[in-house]
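Q: File follows, upload_3.cif with mmCIF, C-alpha atoms:
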data_structure
loop_
_atom_site.label_atom_id
_atom_site.label_comp_id
_atom_site.auth_asym_id
_atom_site.auth_seq_id
_atom_site.Cartn_x
_atom_site.Cartn_y
_atom_site.Cartn_z
CA MET Y 1 117.96 187.33 38.71
CA ALA Y 2 116.04 187.74 35.47
CA GLU Y 3 117.61 186.38 32.32
CA ARG Y 4 116.68 186.51 28.69
CA GLN Y 5 117.57 184.42 25.66
CA GLY Y 6 120.27 185.71 23.33
CA ARG Y 7 121.56 184.36 20.01
CA ALA Y 8 121.40 180.60 19.63
CA GLY Y 9 119.69 180.24 23.00
CA GLU Y 10 122.55 181.69 25.04
CA ARG Y 11 121.71 183.10 28.45
CA ARG Y 12 122.01 186.87 28.72
CA ALA Y 13 121.50 189.23 31.61
CA ASP Y 14 118.44 191.46 31.44
CA PRO Y 15 119.83 195.03 31.61
CA GLU Y 16 116.73 196.18 33.48
CA GLN Y 17 117.65 193.85 36.34
CA LEU Y 18 121.23 195.05 36.67
CA SER Y 19 122.38 197.80 38.98
CA GLY Y 20 125.39 199.99 39.62
CA ALA Y 21 128.51 199.39 37.57
CA LEU Y 22 127.02 196.34 35.85
CA ARG Y 23 124.59 198.54 33.90
CA ARG Y 24 127.44 200.26 32.09
CA GLY Y 25 128.21 197.42 29.72
CA ALA Y 26 131.85 198.36 29.28
CA VAL Y 27 134.87 197.85 31.48
CA LYS Y 28 138.11 199.83 31.61
CA LYS Y 29 141.03 197.45 31.33
CA ASN Y 30 144.48 198.74 32.17
CA VAL Y 31 147.11 197.82 29.61
CA ALA Y 32 148.78 195.68 32.26
CA ALA Y 33 145.60 193.62 32.57
CA ILE Y 34 145.22 193.25 28.82
CA HIS Y 35 148.81 192.21 28.29
CA ILE Y 36 148.67 189.29 30.69
CA GLY Y 37 146.40 186.32 30.97
CA GLY Y 38 146.94 185.22 27.38
CA LYS Y 39 146.55 181.62 28.48
CA LEU Y 40 143.04 182.28 29.76
CA THR Y 41 140.26 180.31 28.12
CA LEU Y 42 137.47 182.20 26.41
CA LEU Y 43 135.21 181.69 29.44
CA GLN Y 44 137.91 182.82 31.86
CA ARG Y 45 138.68 185.93 29.80
CA LYS Y 46 135.00 186.91 29.67
CA LEU Y 47 134.66 186.18 33.36
CA SER Y 48 137.65 188.34 34.28
CA ASN Y 49 136.13 191.29 32.39
CA VAL Y 50 132.76 191.03 34.15
CA LEU Y 51 134.39 190.69 37.57
CA LEU Y 52 136.50 193.77 36.89
CA LEU Y 53 133.48 195.76 35.71
CA ASN Y 54 131.57 194.79 38.84
CA ALA Y 55 134.46 195.79 41.14
CA TYR Y 56 135.90 198.81 39.32
CA ASP Y 57 134.32 201.65 41.31
CA THR Y 58 135.44 200.18 44.64
CA LEU Y 59 138.73 198.57 43.61
CA LEU Y 60 140.73 200.81 45.93
CA SER Y 61 138.19 201.25 48.72
CA GLN Y 62 136.98 197.67 49.24
CA ALA Y 63 139.05 194.55 49.80
CA THR Y 64 136.30 192.14 48.72
CA HIS Y 65 133.68 192.38 45.98
CA ARG Y 66 130.40 190.50 45.57
CA ILE Y 67 128.19 189.53 42.65
CA ASP Y 68 125.18 187.24 42.36
CA ALA Y 69 126.33 183.99 40.75
CA ARG Y 70 123.36 183.82 38.38
CA THR Y 71 123.99 187.41 37.31
CA LEU Y 72 127.63 186.55 36.71
CA ALA Y 73 126.75 183.53 34.58
CA ALA Y 74 124.16 185.46 32.58
CA MET Y 75 126.53 188.34 31.85
CA ILE Y 76 129.07 186.03 30.25
CA GLY Y 77 126.32 184.24 28.30
CA TYR Y 78 126.74 181.04 30.27
CA ASN Y 79 124.40 178.38 31.62
CA SER Y 80 123.81 179.48 35.20
CA ASN Y 81 123.16 175.88 36.31
CA ASP Y 82 126.66 174.70 35.41
CA ILE Y 83 128.32 175.68 38.68
CA ASP Y 84 131.21 173.24 38.18
CA SER Y 85 132.39 175.10 35.08
CA LEU Y 86 132.05 178.41 36.88
CA ARG Y 87 134.18 177.03 39.71
CA ASP Y 88 136.80 175.84 37.23
CA ALA Y 89 136.90 179.25 35.55
CA LEU Y 90 137.33 181.05 38.88
CA ARG Y 91 140.04 178.58 39.89
CA GLY Y 92 141.82 179.31 36.60
CA LEU Y 93 141.83 183.05 37.35
CA ALA Y 94 143.24 182.42 40.83
CA GLU Y 95 145.97 180.22 39.34
CA THR Y 96 146.91 182.63 36.53
CA VAL Y 97 149.82 184.97 37.16
CA ALA Y 98 149.49 188.61 36.15
CA GLU Y 99 152.73 190.36 35.28
CA TRP Y 100 153.14 194.03 34.42
CA ASP Y 101 156.13 196.04 33.29
CA MET Y 102 155.34 199.72 32.93
CA LEU Y 103 156.28 203.22 34.03
CA ASP Y 104 154.99 204.41 37.40
CA ASP Y 105 153.56 207.89 38.06
CA LYS Y 106 157.11 209.26 38.50
CA GLY Y 107 158.37 207.82 35.23
CA ARG Y 108 160.26 204.96 36.88
CA GLN Y 109 160.13 201.48 35.42
CA GLU Y 110 158.00 199.20 37.56
CA TRP Y 111 157.72 195.43 37.35
CA GLY Y 112 155.23 193.40 39.36
CA VAL Y 113 153.53 190.05 39.56
CA SER Y 114 150.32 188.86 41.19
CA ALA Y 115 147.63 186.22 40.86
CA LEU Y 116 144.71 187.54 38.81
CA LEU Y 117 142.42 186.83 41.75
CA ALA Y 118 143.62 186.71 45.34
CA HIS Y 119 140.60 184.61 46.24
CA ALA Y 120 137.16 183.62 44.96
CA ARG Y 121 134.31 181.94 46.82
CA LEU Y 122 130.82 180.73 45.89
CA ARG Y 123 128.37 180.60 48.79
CA ASP Y 124 124.57 180.82 48.96
CA GLY Y 125 124.34 181.84 45.31
CA VAL Y 126 126.84 184.68 45.69
CA CYS Y 127 130.39 184.96 44.39
CA ASP Y 128 132.79 187.03 46.47
CA TYR Y 129 136.31 187.67 45.29
CA ALA Y 130 139.34 189.89 45.82
CA TYR Y 131 142.36 191.28 44.01
CA SER Y 132 145.75 191.79 45.58
CA PRO Y 133 146.26 195.45 46.57
CA ALA Y 134 149.09 195.89 44.04
CA LEU Y 135 147.04 194.46 41.16
CA ALA Y 136 143.94 196.44 42.17
CA GLU Y 137 146.00 199.62 41.93
CA LYS Y 138 147.16 198.71 38.42
CA LEU Y 139 143.70 197.66 37.25
CA HIS Y 140 142.27 200.98 38.42
CA ASP Y 141 144.99 203.13 36.85
CA PRO Y 142 143.10 205.54 34.54
CA ARG Y 143 146.14 206.68 32.55
CA VAL Y 144 146.23 203.93 29.97
CA PHE Y 145 143.23 201.72 29.46
CA ALA Y 146 140.98 200.13 26.89
CA LEU Y 147 137.22 199.91 27.15
CA ILE Y 148 136.01 196.38 26.61
CA ASN Y 149 132.37 196.27 25.55
CA LEU Y 150 130.63 193.28 27.15
CA ASP Y 151 128.00 193.07 24.40
CA ILE Y 152 130.83 192.72 21.89
CA GLN Y 153 132.79 190.19 23.95
CA ARG Y 154 129.74 187.90 24.01
CA ARG Y 155 130.01 187.65 20.22
CA PHE Y 156 133.39 185.94 20.42
CA THR Y 157 133.62 182.16 20.32
CA SER Y 158 137.41 181.79 20.57
CA GLY Y 159 139.91 182.92 23.17
CA HIS Y 160 142.42 183.94 20.50
CA GLY Y 161 139.87 186.19 18.82
CA LEU Y 162 138.92 187.96 22.04
CA ALA Y 163 142.58 188.28 23.09
CA LEU Y 164 143.44 189.91 19.74
CA TYR Y 165 140.46 192.28 20.07
CA GLU Y 166 141.50 193.34 23.57
CA ASN Y 167 145.08 193.95 22.50
CA CYS Y 168 144.09 195.92 19.38
CA TYR Y 169 141.11 197.96 20.51
CA ARG Y 170 143.08 200.48 22.57
CA PHE Y 171 145.02 201.46 19.41
CA VAL Y 172 141.94 202.27 17.33
CA ARG Y 173 142.63 206.02 17.44
CA THR Y 174 146.27 205.64 16.39
CA GLY Y 175 145.42 203.17 13.65
CA SER Y 176 148.12 200.61 14.43
CA THR Y 177 149.43 198.46 17.27
CA GLY Y 178 153.03 199.17 16.38
CA TRP Y 179 155.44 196.33 15.71
CA TRP Y 180 155.38 193.31 18.05
CA PRO Y 181 158.16 190.71 17.98
CA LEU Y 182 156.63 187.30 17.34
CA ASP Y 183 157.60 186.15 20.84
CA VAL Y 184 155.57 189.00 22.33
CA PHE Y 185 152.59 188.16 20.12
CA ARG Y 186 152.77 184.49 21.09
CA ARG Y 187 152.71 185.51 24.74
CA LEU Y 188 149.70 187.78 24.22
CA MET Y 189 147.86 184.91 22.56
CA GLY Y 190 148.88 182.43 25.26
CA VAL Y 191 150.77 180.07 22.96
CA ASP Y 192 154.33 181.01 23.94
CA ASP Y 193 155.00 177.65 25.60
CA SER Y 194 153.86 175.60 22.60
CA GLU Y 195 156.56 174.17 20.35
CA TYR Y 196 153.95 173.79 17.60
CA TYR Y 197 153.47 177.56 17.35
CA ARG Y 198 157.19 178.27 17.12
CA SER Y 199 156.54 177.70 13.42
CA PHE Y 200 155.18 180.88 11.84
CA LYS Y 201 153.27 178.74 9.33
CA HIS Y 202 151.31 177.12 12.14
CA LEU Y 203 150.93 180.38 14.09
CA ASN Y 204 149.54 182.15 11.03
CA ALA Y 205 147.16 179.37 10.03
CA LYS Y 206 145.81 178.45 13.47
CA VAL Y 207 145.98 181.71 15.44
CA ILE Y 208 146.47 184.85 13.36
CA LYS Y 209 144.10 184.23 10.44
CA PRO Y 210 141.19 182.81 12.51
CA ALA Y 211 141.55 185.55 15.16
CA VAL Y 212 141.63 188.32 12.54
CA GLU Y 213 138.56 186.84 10.83
CA GLU Y 214 136.62 186.76 14.10
CA VAL Y 215 137.60 190.30 15.15
CA ASN Y 216 136.53 191.64 11.75
CA ARG Y 217 133.24 189.71 11.82
CA ALA Y 218 132.21 190.09 15.45
CA SER Y 219 133.55 193.41 16.72
CA ASN Y 220 133.41 197.15 16.18
CA ILE Y 221 136.90 197.28 14.65
CA GLN Y 222 138.60 195.76 11.62
CA VAL Y 223 142.22 194.68 11.75
CA GLU Y 224 144.76 193.66 9.14
CA PRO Y 225 148.12 192.06 9.92
CA GLU Y 226 151.39 193.24 8.41
CA PHE Y 227 154.62 191.29 8.65
CA LYS Y 228 158.26 192.36 8.89
CA ARG Y 229 160.77 189.85 7.55
CA MET Y 230 164.44 189.28 8.03
CA GLY Y 231 165.44 187.40 4.95
CA ARG Y 232 162.63 184.88 4.43
CA ALA Y 233 161.67 184.61 8.11
CA VAL Y 234 158.91 186.70 9.69
CA LYS Y 235 160.29 188.37 12.83
CA GLU Y 236 157.65 190.97 13.76
CA LEU Y 237 154.04 191.80 13.03
CA ARG Y 238 151.65 194.65 13.60
CA PHE Y 239 147.96 195.20 13.05
CA SER Y 240 146.44 198.17 11.27
CA ILE Y 241 143.11 199.07 12.87
CA ARG Y 242 140.05 200.97 11.77
CA GLU Y 243 136.48 201.18 12.92
CA ASN Y 244 134.07 198.62 11.50
CA PRO Y 245 131.38 200.64 9.70
CA GLN Y 246 128.95 197.71 9.90
CA LEU Y 247 129.08 197.73 13.71
CA ALA Y 248 129.59 201.43 14.37
CA MET Y 249 126.56 201.47 16.66
CA LEU Y 250 128.41 199.15 19.02
CA ASP Y 251 131.33 201.54 19.41
CA ILE Y 252 132.14 202.62 22.92
CA ASP Y 253 131.71 206.13 24.24
CA ASP Y 254 135.00 207.44 25.60
CA GLY Y 255 133.25 209.95 27.85
CA GLN Y 256 133.01 212.89 25.44
CA ALA Y 257 129.25 212.48 25.03
CA ALA Y 258 128.70 212.75 28.78
CA ARG Y 259 131.10 215.67 29.10
CA SER Y 260 129.18 217.58 26.42
CA GLN Y 261 126.01 217.54 28.55
CA PRO Y 262 125.25 220.79 30.46
CA VAL Y 263 124.51 218.72 33.56
CA TYR Y 264 128.10 217.45 33.52
CA GLU Y 265 129.41 220.97 34.18
CA ARG Y 266 126.86 221.40 36.98
CA LEU Y 267 128.07 218.19 38.61
CA ARG Y 268 131.70 219.22 38.34
CA ALA Y 269 130.87 222.61 39.88
CA GLN Y 270 129.46 220.73 42.87
CA GLY Y 271 132.79 218.91 43.31
CA VAL Y 272 131.76 215.63 41.68
CA SER Y 273 134.71 213.84 40.07
CA ASP Y 274 134.91 213.41 36.29
CA ARG Y 275 134.49 209.63 36.52
CA LEU Y 276 131.55 209.79 38.93
CA ALA Y 277 129.83 212.52 36.92
CA ARG Y 278 130.04 210.42 33.75
CA GLN Y 279 128.93 207.33 35.67
CA TRP Y 280 125.80 209.05 37.03
CA ILE Y 281 124.88 210.45 33.62
CA ALA Y 282 125.32 207.02 32.02
CA GLU Y 283 123.36 205.19 34.72
CA HIS Y 284 120.51 207.61 35.37
CA GLY Y 285 120.35 209.82 32.28
CA ALA Y 286 121.14 213.53 32.02
CA GLU Y 287 117.54 214.63 32.62
CA ALA Y 288 117.14 212.62 35.83
CA VAL Y 289 120.48 213.87 37.18
CA ALA Y 290 119.51 217.47 36.40
CA GLU Y 291 116.19 217.01 38.22
CA LYS Y 292 117.99 215.70 41.31
CA LEU Y 293 120.47 218.59 41.16
CA ASP Y 294 117.57 221.05 41.11
CA TRP Y 295 115.94 219.22 44.02
CA VAL Y 296 119.12 219.25 46.13
CA ALA Y 297 119.68 222.92 45.33
CA GLY Y 298 116.25 223.69 46.75
CA ARG Y 299 116.98 222.04 50.11
CA ASP Y 300 118.12 224.16 53.04
CA GLY Y 301 120.99 223.26 55.33
CA VAL Y 302 122.63 220.66 53.09
CA ARG Y 303 126.20 220.31 54.32
CA SER Y 304 127.34 217.77 51.73
CA PRO Y 305 125.63 218.38 48.37
CA VAL Y 306 127.53 215.52 46.70
CA GLY Y 307 126.56 213.02 49.41
CA TYR Y 308 122.97 214.25 49.34
CA LEU Y 309 122.88 213.97 45.56
CA ARG Y 310 124.31 210.45 45.70
CA ALA Y 311 121.57 209.42 48.14
CA ALA Y 312 118.91 211.06 45.99
CA LEU Y 313 120.08 209.19 42.88
CA ASP Y 314 120.52 205.84 44.62
CA ASN Y 315 117.29 205.94 46.62
CA GLY Y 316 115.03 208.03 44.43
#
Please express what this file holds, its structure, as structure tokens.
A:
Amino acid sequence: MAERQGRAGERRADPEQLSGALRRGAVKKNVAAIHIGGKLTLLQRKLSNVLLLNAYDTLLSQATHRIDARTLAAMIGYNSNDIDSLRDALRGLAETVAEWDMLDDKGRQEWGVSALLAHARLRDGVCDYAYSPALAEKLHDPRVFALINLDIQRRFTSGHGLALYENCYRFVRTGSTGWWPLDVFRRLMGVDDSEYYRSFKHLNAKVIKPAVEEVNRASNIQVEPEFKRMGRAVKELRFSIRENPQLAMLDIDDGQAARSQPVYERLRAQGVSDRLARQWIAEHGAEAVAEKLDWVAGRDGVRSPVGYLRAALDNG
């Protein structure tokens, strides 16, 4: 696995050496996934995002997922020789409980709980891992998600900063998170069991202000906290959100660019799903996909154009 040096000597994955979902650079995170795991360390939070990106396309069709351990370390900007820390981070994900409370596809309230990872194993330089079926279904749910850019997440040096970014980014189009009771915010930041942070003074000084500063400095959005008081006590807060003009080039495509390509309509006409059409355009480029479409169209006796096209793209 080829690596290259990033800022301050950090290890980074060489995009030219990545394949499949890992080349996308952004992972869809269901709101349920974002709103749990607040107690994750910075390394664990980055790791969970890369594992989800790697597994996303086959979350519902495969029970176990695999990734080269050196690739995994490089993608989170970590020293690939420090296997002990990687083991500790994986163990932390397996020991962290995911809890979701949301409406199901029929509008019924659904509560669930699961370990973030059902299992993880390092063997012969490869990490294989699995999600519980119930959590995999929630992580794959396309209805409500945020796109977490892995290039941006590497810029974060604190878990609180990255947690705030993940919880704010999905509201960038509405401009505000809406009001969160302080207890909810403490849970999102992973400090809900700390007596020290029951004090708003400490929470503001040690969590809110540093996290806001890092999000505004390191990411493609800018946030500003607002506080709602009852008497003199702060009871709720919300964050106004706008795009960061200094980092606009790091913003994340929501799929509209791919859908505007003429080749997208050709793929859809062949029965290719929206997600797969956008994935192929992102991975191979519109021109290459169009060439393969023309090539498949010129073949006689093709019973499954989509399967033939997939093979043509994957195997050249």
Q: For Leu162 (chain Y), please output as a list in words all residues within 9 Å (counting all atoms listed in the file; exclusion window: fewer than 2 positions along the same chain).
A: Leu42, Arg45, Lys46, Gln153, Phe156, Thr157, Ser158, Gly159, His160, Leu164, Tyr165, Glu166, Asn167, Ala211, Glu214 and Val215 of chain Y
Q: With a distance cut-off of 12 Å and all atoms listed in the file, select the neighbouring residues of Arg268 (chain Y), excluding the residue or stretch itself and same-chain residues fewer than 3 positions from it, and output the selection as a list in words.
A: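 Returned residues: Ala258, Arg259, Gln261, Pro262, Val263, Tyr264, Glu265, Gly271, Val272, Ser273, Asp274, Arg275, Leu276, Ala277, Arg278, Trp280, Leu293, Pro305 and Val306 of chain Y.
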Q: If the PyMOL selection byres ((chain Y and resi 208) around 12) were run on this exact file, what residues would it hold? Put them as a PDB file with C-alpha atoms, in the frame of the given file.
A:
ATOM      1  CA  SER Y 158     137.410 181.790  20.570  1.00  0.00           C
ATOM      2  CA  GLY Y 159     139.910 182.920  23.170  1.00  0.00           C
ATOM      3  CA  HIS Y 160     142.420 183.940  20.500  1.00  0.00           C
ATOM      4  CA  GLY Y 161     139.870 186.190  18.820  1.00  0.00           C
ATOM      5  CA  LEU Y 162     138.920 187.960  22.040  1.00  0.00           C
ATOM      6  CA  ALA Y 163     142.580 188.280  23.090  1.00  0.00           C
ATOM      7  CA  LEU Y 164     143.440 189.910  19.740  1.00  0.00           C
ATOM      8  CA  TYR Y 165     140.460 192.280  20.070  1.00  0.00           C
ATOM      9  CA  LEU Y 182     156.630 187.300  17.340  1.00  0.00           C
ATOM     10  CA  PHE Y 185     152.590 188.160  20.120  1.00  0.00           C
ATOM     11  CA  ARG Y 186     152.770 184.490  21.090  1.00  0.00           C
ATOM     12  CA  LEU Y 188     149.700 187.780  24.220  1.00  0.00           C
ATOM     13  CA  MET Y 189     147.860 184.910  22.560  1.00  0.00           C
ATOM     14  CA  VAL Y 191     150.770 180.070  22.960  1.00  0.00           C
ATOM     15  CA  TYR Y 197     153.470 177.560  17.350  1.00  0.00           C
ATOM     16  CA  PHE Y 200     155.180 180.880  11.840  1.00  0.00           C
ATOM     17  CA  LYS Y 201     153.270 178.740   9.330  1.00  0.00           C
ATOM     18  CA  HIS Y 202     151.310 177.120  12.140  1.00  0.00           C
ATOM     19  CA  LEU Y 203     150.930 180.380  14.090  1.00  0.00           C
ATOM     20  CA  ASN Y 204     149.540 182.150  11.030  1.00  0.00           C
ATOM     21  CA  ALA Y 205     147.160 179.370  10.030  1.00  0.00           C
ATOM     22  CA  LYS Y 206     145.810 178.450  13.470  1.00  0.00           C
ATOM     23  CA  VAL Y 207     145.980 181.710  15.440  1.00  0.00           C
ATOM     24  CA  LYS Y 209     144.100 184.230  10.440  1.00  0.00           C
ATOM     25  CA  PRO Y 210     141.190 182.810  12.510  1.00  0.00           C
ATOM     26  CA  ALA Y 211     141.550 185.550  15.160  1.00  0.00           C
ATOM     27  CA  VAL Y 212     141.630 188.320  12.540  1.00  0.00           C
ATOM     28  CA  GLU Y 213     138.560 186.840  10.830  1.00  0.00           C
ATOM     29  CA  GLU Y 214     136.620 186.760  14.100  1.00  0.00           C
ATOM     30  CA  VAL Y 215     137.600 190.300  15.150  1.00  0.00           C
ATOM     31  CA  VAL Y 223     142.220 194.680  11.750  1.00  0.00           C
ATOM     32  CA  GLU Y 224     144.760 193.660   9.140  1.00  0.00           C
ATOM     33  CA  PRO Y 225     148.120 192.060   9.920  1.00  0.00           C
ATOM     34  CA  GLU Y 226     151.390 193.240   8.410  1.00  0.00           C
ATOM     35  CA  PHE Y 227     154.620 191.290   8.650  1.00  0.00           C
ATOM     36  CA  LEU Y 237     154.040 191.800  13.030  1.00  0.00           C
ATOM     37  CA  ARG Y 238     151.650 194.650  13.600  1.00  0.00           C
ATOM     38  CA  PHE Y 239     147.960 195.200  13.050  1.00  0.00           C
TER      39      PHE Y 239
END
Q: Calculate how many Å separate CA of Asp68 (chain Y) from CA of Gln279 (chain Y), rounding to one decimal.
A: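 CA of Asp68 (chain Y) sits 21.5 Å away from CA of Gln279 (chain Y).
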Q: What are the closest atom pairs, with distances in Å to one decimal, for each residue of region 273-301 of chain Y lying within 9 Å of region 307-316 of chain Y, using all atoms listed in the file, rows by chain and rising residue number, as CSV?
A:
residue,atom,partner,partner_atom,distance
Y:Trp280,CA,Y:Leu313,CA,8.2
Y:His284,CA,Y:Leu313,CA,7.7
Y:Ala288,CA,Y:Leu313,CA,8.4
Y:Val289,CA,Y:Leu313,CA,7.4
Y:Lys292,CA,Y:Ala312,CA,6.7
Y:Leu293,CA,Y:Leu309,CA,6.8
Y:Trp295,CA,Y:Leu309,CA,8.8
Y:Val296,CA,Y:Leu309,CA,6.5
Q: One decimal, in Å: what's the spacing between CA of Ala69 (chain Y) and CA of Leu139 (chain Y)?
A: 22.4 Å
Q: Which residues would end up in the selection if the PyMOL selection byres ((chain Y and resi 88) around 12) were applied here, given that I need the answer as a PDB file with C-alpha atoms, in the frame of the given file?
A:
ATOM      1  CA  LEU Y  40     143.040 182.280  29.760  1.00  0.00           C
ATOM      2  CA  THR Y  41     140.260 180.310  28.120  1.00  0.00           C
ATOM      3  CA  LEU Y  43     135.210 181.690  29.440  1.00  0.00           C
ATOM      4  CA  GLN Y  44     137.910 182.820  31.860  1.00  0.00           C
ATOM      5  CA  LEU Y  47     134.660 186.180  33.360  1.00  0.00           C
ATOM      6  CA  ASP Y  82     126.660 174.700  35.410  1.00  0.00           C
ATOM      7  CA  ILE Y  83     128.320 175.680  38.680  1.00  0.00           C
ATOM      8  CA  ASP Y  84     131.210 173.240  38.180  1.00  0.00           C
ATOM      9  CA  SER Y  85     132.390 175.100  35.080  1.00  0.00           C
ATOM     10  CA  LEU Y  86     132.050 178.410  36.880  1.00  0.00           C
ATOM     11  CA  ARG Y  87     134.180 177.030  39.710  1.00  0.00           C
ATOM     12  CA  ALA Y  89     136.900 179.250  35.550  1.00  0.00           C
ATOM     13  CA  LEU Y  90     137.330 181.050  38.880  1.00  0.00           C
ATOM     14  CA  ARG Y  91     140.040 178.580  39.890  1.00  0.00           C
ATOM     15  CA  GLY Y  92     141.820 179.310  36.600  1.00  0.00           C
ATOM     16  CA  LEU Y  93     141.830 183.050  37.350  1.00  0.00           C
ATOM     17  CA  ALA Y  94     143.240 182.420  40.830  1.00  0.00           C
ATOM     18  CA  GLU Y  95     145.970 180.220  39.340  1.00  0.00           C
ATOM     19  CA  ALA Y 120     137.160 183.620  44.960  1.00  0.00           C
ATOM     20  CA  ARG Y 121     134.310 181.940  46.820  1.00  0.00           C
ATOM     21  CA  LEU Y 122     130.820 180.730  45.890  1.00  0.00           C
TER      22      LEU Y 122
END
Q: Could you please determine the separation between CA of Glu110 (chain Y) and CA of Ser132 (chain Y) in Å, to one decimal place?
A: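 So the two atoms, CA of Glu110 (chain Y) and CA of Ser132 (chain Y), lie 16.4 Å apart.
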